[in-house]
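coords_25.csv follows; it contains CSV, C-alpha atoms.
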```
chain,number,residue,atom,x,y,z
A,479,MET,CA,-3.7,-31.9,-4.1
A,480,ILE,CA,-2.5,-29.3,-6.6
A,481,VAL,CA,-4.1,-26.6,-4.4
A,482,THR,CA,-2.1,-27.7,-1.4
A,483,VAL,CA,1.1,-27.7,-3.4
A,484,ILE,CA,0.5,-24.1,-4.7
A,485,SER,CA,-0.3,-22.9,-1.2
A,486,VAL,CA,2.8,-24.5,0.3
A,487,ILE,CA,4.9,-22.9,-2.4
A,488,LEU,CA,3.4,-19.5,-1.6
A,489,ILE,CA,3.9,-19.9,2.1
A,490,LEU,CA,7.5,-21.1,1.6
A,491,ALA,CA,8.3,-18.1,-0.6
A,492,GLY,CA,6.9,-15.8,2.1
A,493,LEU,CA,9.0,-17.5,4.7
A,494,ILE,CA,12.1,-17.0,2.5
A,495,PHE,CA,11.4,-13.3,2.2
A,496,PHE,CA,10.8,-13.2,6.0
A,497,LEU,CA,14.3,-14.8,6.5
A,498,GLY,CA,15.8,-12.2,4.1
A,499,ALA,CA,14.2,-9.4,6.1
A,500,ALA,CA,15.4,-10.8,9.4
A,501,VAL,CA,19.0,-11.2,8.1
A,502,GLY,CA,18.8,-7.7,6.7
A,503,VAL,CA,17.7,-6.2,10.0
A,504,ILE,CA,20.7,-7.9,11.7
A,505,ARG,CA,23.4,-7.2,9.0
A,506,PHE,CA,22.6,-3.7,7.8
A,507,PRO,CA,24.7,-0.9,9.3
A,508,ASP,CA,22.4,1.8,10.6
A,509,PHE,CA,18.8,2.5,11.5
A,510,TYR,CA,17.7,3.7,8.1
A,511,THR,CA,18.9,0.7,6.1
A,512,ARG,CA,17.5,-1.6,8.7
A,513,MET,CA,14.1,-0.1,8.2
A,514,HIS,CA,14.4,-1.0,4.5
A,515,ALA,CA,14.6,-4.6,5.5
A,516,ALA,CA,11.9,-4.5,8.1
A,517,GLY,CA,9.4,-2.4,6.1
A,518,LYS,CA,9.7,-4.2,2.7
A,519,GLY,CA,10.4,-7.7,3.7
A,520,ASP,CA,7.4,-7.8,6.0
A,521,THR,CA,5.0,-6.5,3.5
A,522,LEU,CA,5.6,-9.0,0.7
A,523,SER,CA,6.1,-12.0,3.0
A,524,SER,CA,2.9,-11.3,4.9
A,525,LEU,CA,1.0,-11.0,1.6
A,526,LEU,CA,2.5,-14.2,0.3
A,527,VAL,CA,1.7,-16.2,3.5
A,528,LEU,CA,-1.8,-14.8,3.6
A,529,LEU,CA,-2.3,-15.6,-0.1
A,530,GLY,CA,-1.1,-19.1,0.6
A,531,PHE,CA,-3.7,-19.5,3.4
A,532,ALA,CA,-6.4,-18.2,1.0
A,533,VAL,CA,-5.4,-20.8,-1.7
A,534,TYR,CA,-5.3,-23.5,0.9
A,535,GLN,CA,-8.9,-22.7,1.8
A,536,LEU,CA,-9.9,-23.8,-1.7
A,537,ARG,CA,-8.9,-27.4,-1.2
A,538,ASP,CA,-12.4,-28.6,-0.2
A,539,PHE,CA,-14.4,-26.2,-2.4
A,540,GLU,CA,-17.1,-28.1,-4.1
A,541,SER,CA,-19.8,-25.9,-5.3
A,542,PHE,CA,-20.8,-22.3,-4.7
A,543,SER,CA,-24.1,-23.1,-3.0
A,544,GLU,CA,-22.4,-25.5,-0.5
A,545,SER,CA,-19.1,-23.8,0.2
A,546,TRP,CA,-19.7,-20.1,-0.1
A,547,LEU,CA,-18.5,-19.7,3.5
A,548,ILE,CA,-15.1,-20.6,2.2
A,549,LEU,CA,-15.2,-17.7,-0.1
A,550,LEU,CA,-16.0,-15.4,2.8
A,551,VAL,CA,-12.9,-16.6,4.6
A,552,ILE,CA,-10.8,-15.9,1.5
A,553,LEU,CA,-12.3,-12.4,1.2
A,554,LYS,CA,-11.4,-11.8,4.9
A,555,LEU,CA,-7.8,-12.9,4.2
A,556,ILE,CA,-7.7,-10.5,1.2
A,557,ALA,CA,-9.1,-7.7,3.4
A,558,ILE,CA,-6.2,-8.3,5.9
A,559,SER,CA,-3.7,-8.2,3.0
A,560,ALA,CA,-5.1,-4.9,1.8
A,561,PHE,CA,-4.8,-3.4,5.3
A,562,ILE,CA,-1.2,-4.6,5.5
A,563,LEU,CA,-0.4,-3.2,2.1
A,564,ILE,CA,-1.6,0.3,3.2
A,565,THR,CA,-0.4,0.4,6.8
A,566,SER,CA,3.1,-1.2,6.4
A,567,PRO,CA,4.7,1.4,4.2
A,568,THR,CA,3.0,4.2,6.1
A,569,SER,CA,4.4,3.0,9.4
A,570,THR,CA,7.9,2.5,7.9
A,571,HIS,CA,7.8,6.1,6.6
A,572,ALA,CA,6.6,7.4,10.0
A,573,LEU,CA,9.5,5.6,11.8
A,574,MET,CA,12.0,6.9,9.3
A,575,ASP,CA,10.7,10.4,9.7
A,576,ALA,CA,10.7,10.1,13.5
A,577,GLY,CA,14.3,8.8,13.3
A,578,TRP,CA,15.3,11.8,11.3
A,579,GLU,CA,13.6,14.2,13.6
A,580,ASP,CA,15.3,12.5,16.5
A,581,LYS,CA,18.7,13.3,14.9
A,582,VAL,CA,19.6,9.7,14.1
A,583,LYS,CA,22.7,9.9,11.9
A,584,PRO,CA,22.3,8.1,8.6
A,585,GLU,CA,25.3,6.3,7.3
A,586,ILE,CA,26.0,7.6,3.8
A,587,ALA,CA,28.2,5.8,1.3
A,588,LYS,CA,31.3,7.4,0.0
A,589,ASP,CA,30.7,10.0,-2.8
A,590,ARG,CA,27.0,9.7,-2.4
A,591,SER,CA,24.6,12.5,-1.6
A,592,ASN,CA,22.7,13.4,1.5
A,593,HIS,CA,20.3,16.0,0.2
A,594,LEU,CA,18.0,16.0,3.2
A,595,GLY,CA,21.1,16.9,5.3
A,596,GLU,CA,21.8,19.8,3.0
A,597,ASP,CA,18.3,21.1,2.8
A,598,CYS,CA,17.3,20.8,6.4
A,599,PRO,CA,20.4,20.9,8.6
A,600,LYS,CA,19.6,19.5,12.0
A,601,ARG,CA,18.5,21.9,14.6
A,602,LYS,CA,20.7,22.2,17.6
B,1225,MET,CA,-29.5,22.1,-7.6
B,1226,GLU,CA,-31.6,19.2,-8.6
B,1227,LYS,CA,-28.6,17.4,-10.1
B,1228,GLY,CA,-26.5,18.0,-7.0
B,1229,THR,CA,-29.0,16.4,-4.6
B,1230,THR,CA,-29.2,13.3,-6.8
B,1231,LYS,CA,-25.5,13.0,-6.8
B,1232,ILE,CA,-25.4,13.2,-3.0
B,1233,ALA,CA,-28.0,10.5,-2.8
B,1234,LEU,CA,-26.0,8.4,-5.2
B,1235,TYR,CA,-22.9,8.7,-3.2
B,1236,ARG,CA,-24.8,7.9,0.0
B,1237,ALA,CA,-26.1,4.7,-1.7
B,1238,ILE,CA,-22.5,3.8,-2.8
B,1239,VAL,CA,-21.2,4.3,0.8
B,1240,PHE,CA,-24.1,2.2,2.2
B,1241,GLY,CA,-23.5,-0.5,-0.4
B,1242,LEU,CA,-19.7,-0.7,0.4
B,1243,LEU,CA,-20.4,-0.9,4.2
B,1244,MET,CA,-23.1,-3.5,3.7
B,1245,VAL,CA,-20.8,-5.7,1.6
B,1246,THR,CA,-18.1,-5.4,4.3
B,1247,TRP,CA,-20.7,-6.3,7.0
B,1248,VAL,CA,-21.8,-9.4,5.1
B,1249,ILE,CA,-18.2,-10.5,4.5
B,1250,PHE,CA,-17.2,-10.2,8.1
B,1251,SER,CA,-20.3,-11.6,9.6
B,1252,GLY,CA,-21.1,-14.4,7.3
B,1253,LEU,CA,-24.5,-14.9,8.8
B,1254,LEU,CA,-27.4,-14.3,6.4
B,1255,ASP,CA,-30.4,-14.7,8.7
B,1256,GLY,CA,-32.9,-11.9,9.2
B,1257,PHE,CA,-31.7,-10.8,12.6
B,1258,HIS,CA,-28.1,-10.2,11.6
B,1259,LEU,CA,-29.0,-8.6,8.3
B,1260,THR,CA,-31.3,-6.2,10.1
B,1261,LEU,CA,-28.5,-5.3,12.5
B,1262,GLY,CA,-26.3,-4.7,9.5
B,1263,VAL,CA,-28.8,-2.5,7.8
B,1264,ILE,CA,-29.3,-0.5,11.0
B,1265,SER,CA,-25.6,0.1,11.7
B,1266,CYS,CA,-24.6,0.7,8.1
B,1267,GLY,CA,-27.5,3.1,7.8
B,1268,LEU,CA,-26.4,5.0,11.0
B,1269,VAL,CA,-22.8,5.2,9.8
B,1270,THR,CA,-23.9,6.4,6.3
B,1271,TRP,CA,-26.2,9.0,7.8
B,1272,MET,CA,-23.6,10.4,10.2
B,1273,SER,CA,-20.3,10.2,8.3
B,1274,SER,CA,-20.9,9.3,4.7
B,1275,ASP,CA,-19.1,12.4,3.6
B,1276,LEU,CA,-15.8,11.1,4.9
B,1277,LEU,CA,-15.3,8.6,2.1
B,1278,PHE,CA,-15.5,10.5,-1.1
B,1279,ASP,CA,-14.2,14.1,-1.0
B,1280,ASP,CA,-15.2,15.2,-4.5
B,1281,ARG,CA,-18.9,14.6,-5.1
B,1282,GLU,CA,-18.8,16.3,-8.5
B,1283,ILE,CA,-17.2,13.3,-10.3
B,1284,GLY,CA,-19.8,11.1,-12.0
B,1285,LEU,CA,-20.2,7.4,-11.4
B,1286,ARG,CA,-18.7,6.6,-14.8
B,1287,ALA,CA,-15.4,8.5,-14.1
B,1288,ARG,CA,-15.3,6.8,-10.7
B,1289,MET,CA,-15.5,3.4,-12.2
B,1290,ARG,CA,-12.8,4.3,-14.7
B,1291,GLN,CA,-10.6,5.4,-11.8
B,1292,ALA,CA,-11.3,2.2,-9.9
B,1293,VAL,CA,-10.3,0.0,-12.9
B,1294,ARG,CA,-7.1,2.0,-13.4
B,1295,ALA,CA,-6.3,1.9,-9.7
B,1296,THR,CA,-6.6,-1.9,-9.8
B,1297,ILE,CA,-4.3,-2.1,-12.8
B,1298,TYR,CA,-1.8,0.1,-11.0
B,1299,LEU,CA,-2.1,-2.2,-7.9
B,1300,PHE,CA,-1.1,-5.2,-9.9
B,1301,TRP,CA,1.8,-3.4,-11.5
B,1302,LEU,CA,2.8,-2.2,-8.0
B,1303,LEU,CA,2.7,-5.8,-6.6
B,1304,TRP,CA,5.1,-6.9,-9.4
B,1305,GLN,CA,7.4,-4.0,-8.4
B,1306,ILE,CA,7.2,-5.1,-4.8
B,1307,VAL,CA,8.3,-8.6,-5.8
B,1308,LEU,CA,11.3,-7.2,-7.7
B,1309,ALA,CA,12.1,-4.9,-4.7
B,1310,ASN,CA,12.2,-7.9,-2.3
B,1311,LEU,CA,14.4,-9.9,-4.6
B,1312,HIS,CA,16.8,-7.0,-4.7
B,1313,LEU,CA,16.7,-6.6,-0.9
B,1314,LEU,CA,17.3,-10.4,-0.5
B,1315,LYS,CA,20.4,-10.1,-2.6
B,1316,ILE,CA,21.6,-7.1,-0.6
B,1317,ALA,CA,20.8,-8.8,2.7
B,1318,PHE,CA,22.8,-11.9,2.0
B,1319,GLY,CA,25.5,-10.2,-0.2
B,1320,SER,CA,28.6,-8.3,0.7
B,1321,ALA,CA,28.7,-4.8,2.1
B,1322,GLY,CA,29.9,-3.6,-1.3
B,1323,LEU,CA,26.4,-3.9,-2.7
B,1324,ARG,CA,25.1,-1.2,-0.4
B,1325,GLN,CA,25.5,2.5,-1.2
B,1326,PRO,CA,23.1,4.2,1.2
B,1327,GLN,CA,22.2,7.8,0.3
B,1328,ILE,CA,19.4,10.3,0.5
B,1329,VAL,CA,18.2,11.9,-2.7
B,1330,ARG,CA,15.8,14.6,-3.6
B,1331,TYR,CA,12.9,13.8,-5.9
B,1332,LYS,CA,10.6,16.4,-7.4
B,1333,THR,CA,7.1,15.4,-8.3
B,1334,GLU,CA,4.4,16.9,-10.5
B,1335,LEU,CA,1.6,15.4,-8.5
B,1336,LYS,CA,-0.6,18.0,-6.7
B,1337,SER,CA,-3.2,16.5,-4.5
B,1338,ASP,CA,-2.5,15.0,-1.1
B,1339,PHE,CA,-3.9,11.6,-1.9
B,1340,GLU,CA,-1.8,11.3,-5.0
B,1341,LYS,CA,1.3,12.2,-3.0
B,1342,PHE,CA,0.4,9.7,-0.3
B,1343,LEU,CA,0.0,7.0,-2.9
B,1344,LEU,CA,3.3,8.0,-4.5
B,1345,ALA,CA,5.1,8.0,-1.1
B,1346,ASN,CA,3.7,4.6,-0.2
B,1347,SER,CA,4.6,3.2,-3.6
B,1348,ILE,CA,8.1,4.5,-3.3
B,1349,THR,CA,8.5,3.0,0.1
B,1350,LEU,CA,7.4,-0.4,-1.2
B,1351,THR,CA,9.5,-0.5,-4.4
B,1352,PRO,CA,13.2,-1.3,-4.9
B,1353,GLY,CA,15.4,-0.1,-2.0
B,1354,THR,CA,13.8,3.3,-1.5
B,1355,VAL,CA,11.9,4.7,1.5
B,1356,THR,CA,10.4,8.2,1.7
B,1357,ILE,CA,11.7,10.0,4.7
B,1358,LYS,CA,10.1,13.5,4.3
B,1359,ILE,CA,7.8,15.3,2.0
B,1360,LEU,CA,8.2,19.1,1.9
B,1361,GLY,CA,5.9,20.6,-0.7
B,1362,ASP,CA,6.5,18.8,-3.9
B,1363,THR,CA,10.0,17.5,-2.9
B,1364,PHE,CA,10.4,14.0,-1.6
B,1365,TYR,CA,13.5,13.1,0.4
B,1366,ILE,CA,14.1,9.5,-0.3
B,1367,HIS,CA,16.6,7.2,1.4
B,1368,ALA,CA,17.9,4.7,-1.1
B,1369,ILE,CA,19.9,1.7,-0.2
B,1370,SER,CA,21.8,1.3,-3.4
B,1371,ASP,CA,22.6,3.0,-6.7
B,1372,PHE,CA,20.3,0.5,-8.4
B,1373,ALA,CA,17.5,1.8,-6.2
B,1374,VAL,CA,18.1,5.4,-7.3
B,1375,GLU,CA,17.9,4.4,-10.9
B,1376,GLY,CA,14.4,3.1,-10.2
B,1377,LEU,CA,13.2,6.7,-9.4
B,1378,ASN,CA,12.7,7.6,-13.1
B,1379,GLY,CA,9.2,9.1,-13.0
B,1380,GLU,CA,7.4,6.1,-14.3
B,1381,MET,CA,5.4,5.8,-11.1
B,1382,ASP,CA,4.4,9.5,-11.2
B,1383,ARG,CA,3.0,9.0,-14.7
B,1384,ARG,CA,1.1,5.9,-13.7
B,1385,ILE,CA,-0.5,7.6,-10.7
B,1386,ALA,CA,-1.3,10.7,-12.6
B,1387,HIS,CA,-2.9,8.5,-15.2
B,1388,ILE,CA,-5.3,7.0,-12.6
B,1389,PHE,CA,-6.7,10.5,-11.8
B,1390,ALA,CA,-6.3,11.9,-15.3
B,1391,ASP,CA,-10.0,12.8,-15.8
B,1392,SER,CA,-11.1,14.2,-12.4
B,1393,PRO,CA,-12.2,17.8,-13.1
B,1394,SER,CA,-10.7,19.3,-9.9
B,1395,THR,CA,-7.1,18.4,-9.4
B,1396,GLY,CA,-7.1,19.5,-5.8
B,1397,GLU,CA,-9.4,16.9,-4.3
B,1398,THR,CA,-9.6,13.3,-5.0
B,1399,ASP,CA,-11.3,10.5,-3.2
B,1400,THR,CA,-9.6,8.4,-0.6
B,1401,SER,CA,-11.3,5.1,-1.1
B,1402,GLU,CA,-9.6,3.5,-4.0
B,1403,SER,CA,-6.3,2.4,-2.8
```

This entry written out as structure tokens:
Amino acid sequence: MIVTVISVILILAGLIFFLGAAVGVIRFPDFYTRMHAAGKGDTLSSLLVLLGFAVYQLRDFESFSESWLILLVILKLIAISAFILITSPTSTHALMDAGWEDKVKPEIAKDRSNHLGEDCPKRK
Amino acid sequence: MEKGTTKIALYRAIVFGLLMVTWVIFSGLLDGFHLTLGVISCGLVTWMSSDLLFDDREIGLRARMRQAVRATIYLFWLLWQIVLANLHLLKIAFGSAGLRQPQIVRYKTELKSDFEKFLLANSITLTPGTVTIKILGDTFYIHAISDFAVEGLNGEMDRRIAHIFADSPSTGETDTSES
């Protein structure tokens, strides 16, 4: 029972962060800020949802000798989380870089710096 | 020379062990047939490409273990930072436009090796409101979504990453497995 409650809480928290990411993608003004929402929101929410699944697996865990297969499922879920944790920021970075190389104009707030624009002015 | 060959054998054994553990986790079948298949394929992979996993074979087992423990501690710290990052992002996503001050800042790092830089770039991307756009030499160009995010770039992450690899003898090459 308590295991189910914990897993539901984790999955719900993940969904809330997913919602935040989706709202961010729609509301933010330009490509770069949208990537913030997409890249970060996805990572944590996927991790939380997968963790919730892993915890849910424990609900009918009785003894190690009988239910060690459940542990394997949990380990697989953790492996998926690890892959997401490595690949998600890498792909976000790759997309941002591609956007810059493709001369997508960032929206810079008033009185704030754009050092990349100063140091590598866009090629014509 | 004698010592070098034992180290190579040691690293091969480690690679084989890691592959075999992964095999067992993903297969879940412990009968003789599947385990034999696992041993054959893990052995083949180890024989052909075991040198892909750990770059620097001079580091002893003990130092490796220390690095692994520190990397794990760093991972948990990073996870906590990711939670904070997402709370901040949630606030910005639902809040007014006044909360956003998008900007691109320079960030110099002391870290030398490629793997450390990769780790730092990924960590920056995951933590509050900052995404690495470009790395030129030791300068990172970071897109930050708000002033609060820029304040987060205070070098603490650098120190923590440098601490993980503090005792590897050659600073140029570190391994690529403990992430």

Distance query 6 Å from (-10.0, -20.2, 0.9) using only C-alpha atoms, result as number ranges by chain:
A: 532-536, 548-549, 551-552

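CA of Leu1302 (chain B) to CA of Arg590 (chain A) spans 27.5 Å [interatomic distance, one decimal].
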
Using all atoms listed in the file, tabulate the residues of chain B lying at most 10 Å from any atom of chain A, each with its closest atom pair and that distance in Å to one decimal, by chain and increasing residue number, as a Markdown table.
```
| residue | atom | partner | partner_atom | distance |
| --- | --- | --- | --- | --- |
| B:Thr1246 | CA | A:Lys554 | CA | 9.3 |
| B:Val1248 | CA | A:Leu550 | CA | 8.7 |
| B:Ile1249 | CA | A:Leu550 | CA | 5.6 |
| B:Phe1250 | CA | A:Lys554 | CA | 6.8 |
| B:Ser1251 | CA | A:Leu550 | CA | 8.9 |
| B:Gly1252 | CA | A:Leu550 | CA | 6.9 |
| B:Leu1253 | CA | A:Leu547 | CA | 9.3 |
| B:Leu1303 | CA | A:Leu522 | CA | 8.5 |
| B:Ile1306 | CA | A:Leu522 | CA | 6.9 |
| B:Val1307 | CA | A:Leu522 | CA | 7.0 |
| B:Ala1309 | CA | A:Lys518 | CA | 7.8 |
| B:Asn1310 | CA | A:Gly519 | CA | 6.3 |
| B:Leu1311 | CA | A:Phe495 | CA | 8.2 |
| B:Leu1313 | CA | A:Ala515 | CA | 7.0 |
| B:Leu1314 | CA | A:Gly498 | CA | 5.2 |
| B:Lys1315 | CA | A:Gly498 | CA | 8.4 |
| B:Ile1316 | CA | A:Gly502 | CA | 7.8 |
| B:Ala1317 | CA | A:Gly502 | CA | 4.6 |
| B:Phe1318 | CA | A:Val501 | CA | 7.2 |
| B:Gly1319 | CA | A:Arg505 | CA | 9.9 |
| B:Ser1320 | CA | A:Arg505 | CA | 9.9 |
| B:Ala1321 | CA | A:Phe506 | CA | 8.4 |
| B:Gly1322 | CA | A:Ala587 | CA | 9.9 |
| B:Arg1324 | CA | A:Ala587 | CA | 7.8 |
| B:Gln1325 | CA | A:Ala587 | CA | 4.9 |
| B:Pro1326 | CA | A:Ile586 | CA | 5.2 |
| B:Gln1327 | CA | A:Ile586 | CA | 5.2 |
| B:Ile1328 | CA | A:Asn592 | CA | 4.6 |
| B:Val1329 | CA | A:His593 | CA | 5.4 |
| B:Arg1330 | CA | A:His593 | CA | 6.1 |
| B:Tyr1331 | CA | A:His593 | CA | 9.8 |
| B:Phe1342 | CA | A:Thr568 | CA | 8.8 |
| B:Leu1343 | CA | A:Ile564 | CA | 9.2 |
| B:Ala1345 | CA | A:His571 | CA | 8.4 |
| B:Asn1346 | CA | A:Pro567 | CA | 5.5 |
| B:Ser1347 | CA | A:Pro567 | CA | 8.0 |
| B:Ile1348 | CA | A:Pro567 | CA | 8.8 |
| B:Thr1349 | CA | A:Pro567 | CA | 5.8 |
| B:Leu1350 | CA | A:Lys518 | CA | 5.9 |
| B:Thr1351 | CA | A:Lys518 | CA | 8.0 |
| B:Pro1352 | CA | A:Lys518 | CA | 8.9 |
| B:Gly1353 | CA | A:His514 | CA | 6.6 |
| B:Thr1354 | CA | A:His514 | CA | 7.4 |
| B:Val1355 | CA | A:His571 | CA | 6.7 |
| B:Thr1356 | CA | A:His571 | CA | 5.9 |
| B:Ile1357 | CA | A:Asp575 | CA | 5.1 |
| B:Lys1358 | CA | A:Asp575 | CA | 6.3 |
| B:Ile1359 | CA | A:Asp575 | CA | 9.6 |
| B:Phe1364 | CA | A:Leu594 | CA | 9.2 |
| B:Tyr1365 | CA | A:Leu594 | CA | 6.0 |
| B:Ile1366 | CA | A:Leu594 | CA | 8.3 |
| B:His1367 | CA | A:Tyr510 | CA | 7.6 |
| B:Ala1368 | CA | A:Thr511 | CA | 8.3 |
| B:Ile1369 | CA | A:Thr511 | CA | 6.5 |
| B:Ser1370 | CA | A:Ala587 | CA | 9.1 |
| B:Asp1371 | CA | A:Arg590 | CA | 9.1 |
| B:Ser1403 | CA | A:Ile564 | CA | 7.9 |
```

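Picture a line from CA of Leu490 (chain A) to CA of Ala1295 (chain B); it runs 29.1 Å.
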
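For the atom pair formed by CA of Ile484 (chain A) and CA of Gly530 (chain A), the distance is 7.5 Å, given to one decimal.
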
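For Phe1240 (chain B), the set of protein, DNA and RNA residues having any atom at most 8 Å away, when counting all atoms listed in the file and skipping those fewer than 6 positions along the same chain, is Cys1266, Gly1267 and Thr1270 of chain B.
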
Which of these residues is nearest to Thr1363 (chain B), using only C-alpha atoms: B:Leu1285, B:Leu1243, B:Ile1232, B:Leu1335?
B:Leu1335

Tell me which of B:Leu1268, B:Ala1292, B:Ala1386, B:Leu1261 sits closest to Lys1336 (chain B), counting all atoms listed in the file.
B:Ala1386

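Counting all atoms listed in the file, the residue from B:Gly1376, B:Arg1384, B:Leu1299, B:Gln1291 that sits nearest to Glu1334 (chain B) is B:Arg1384.
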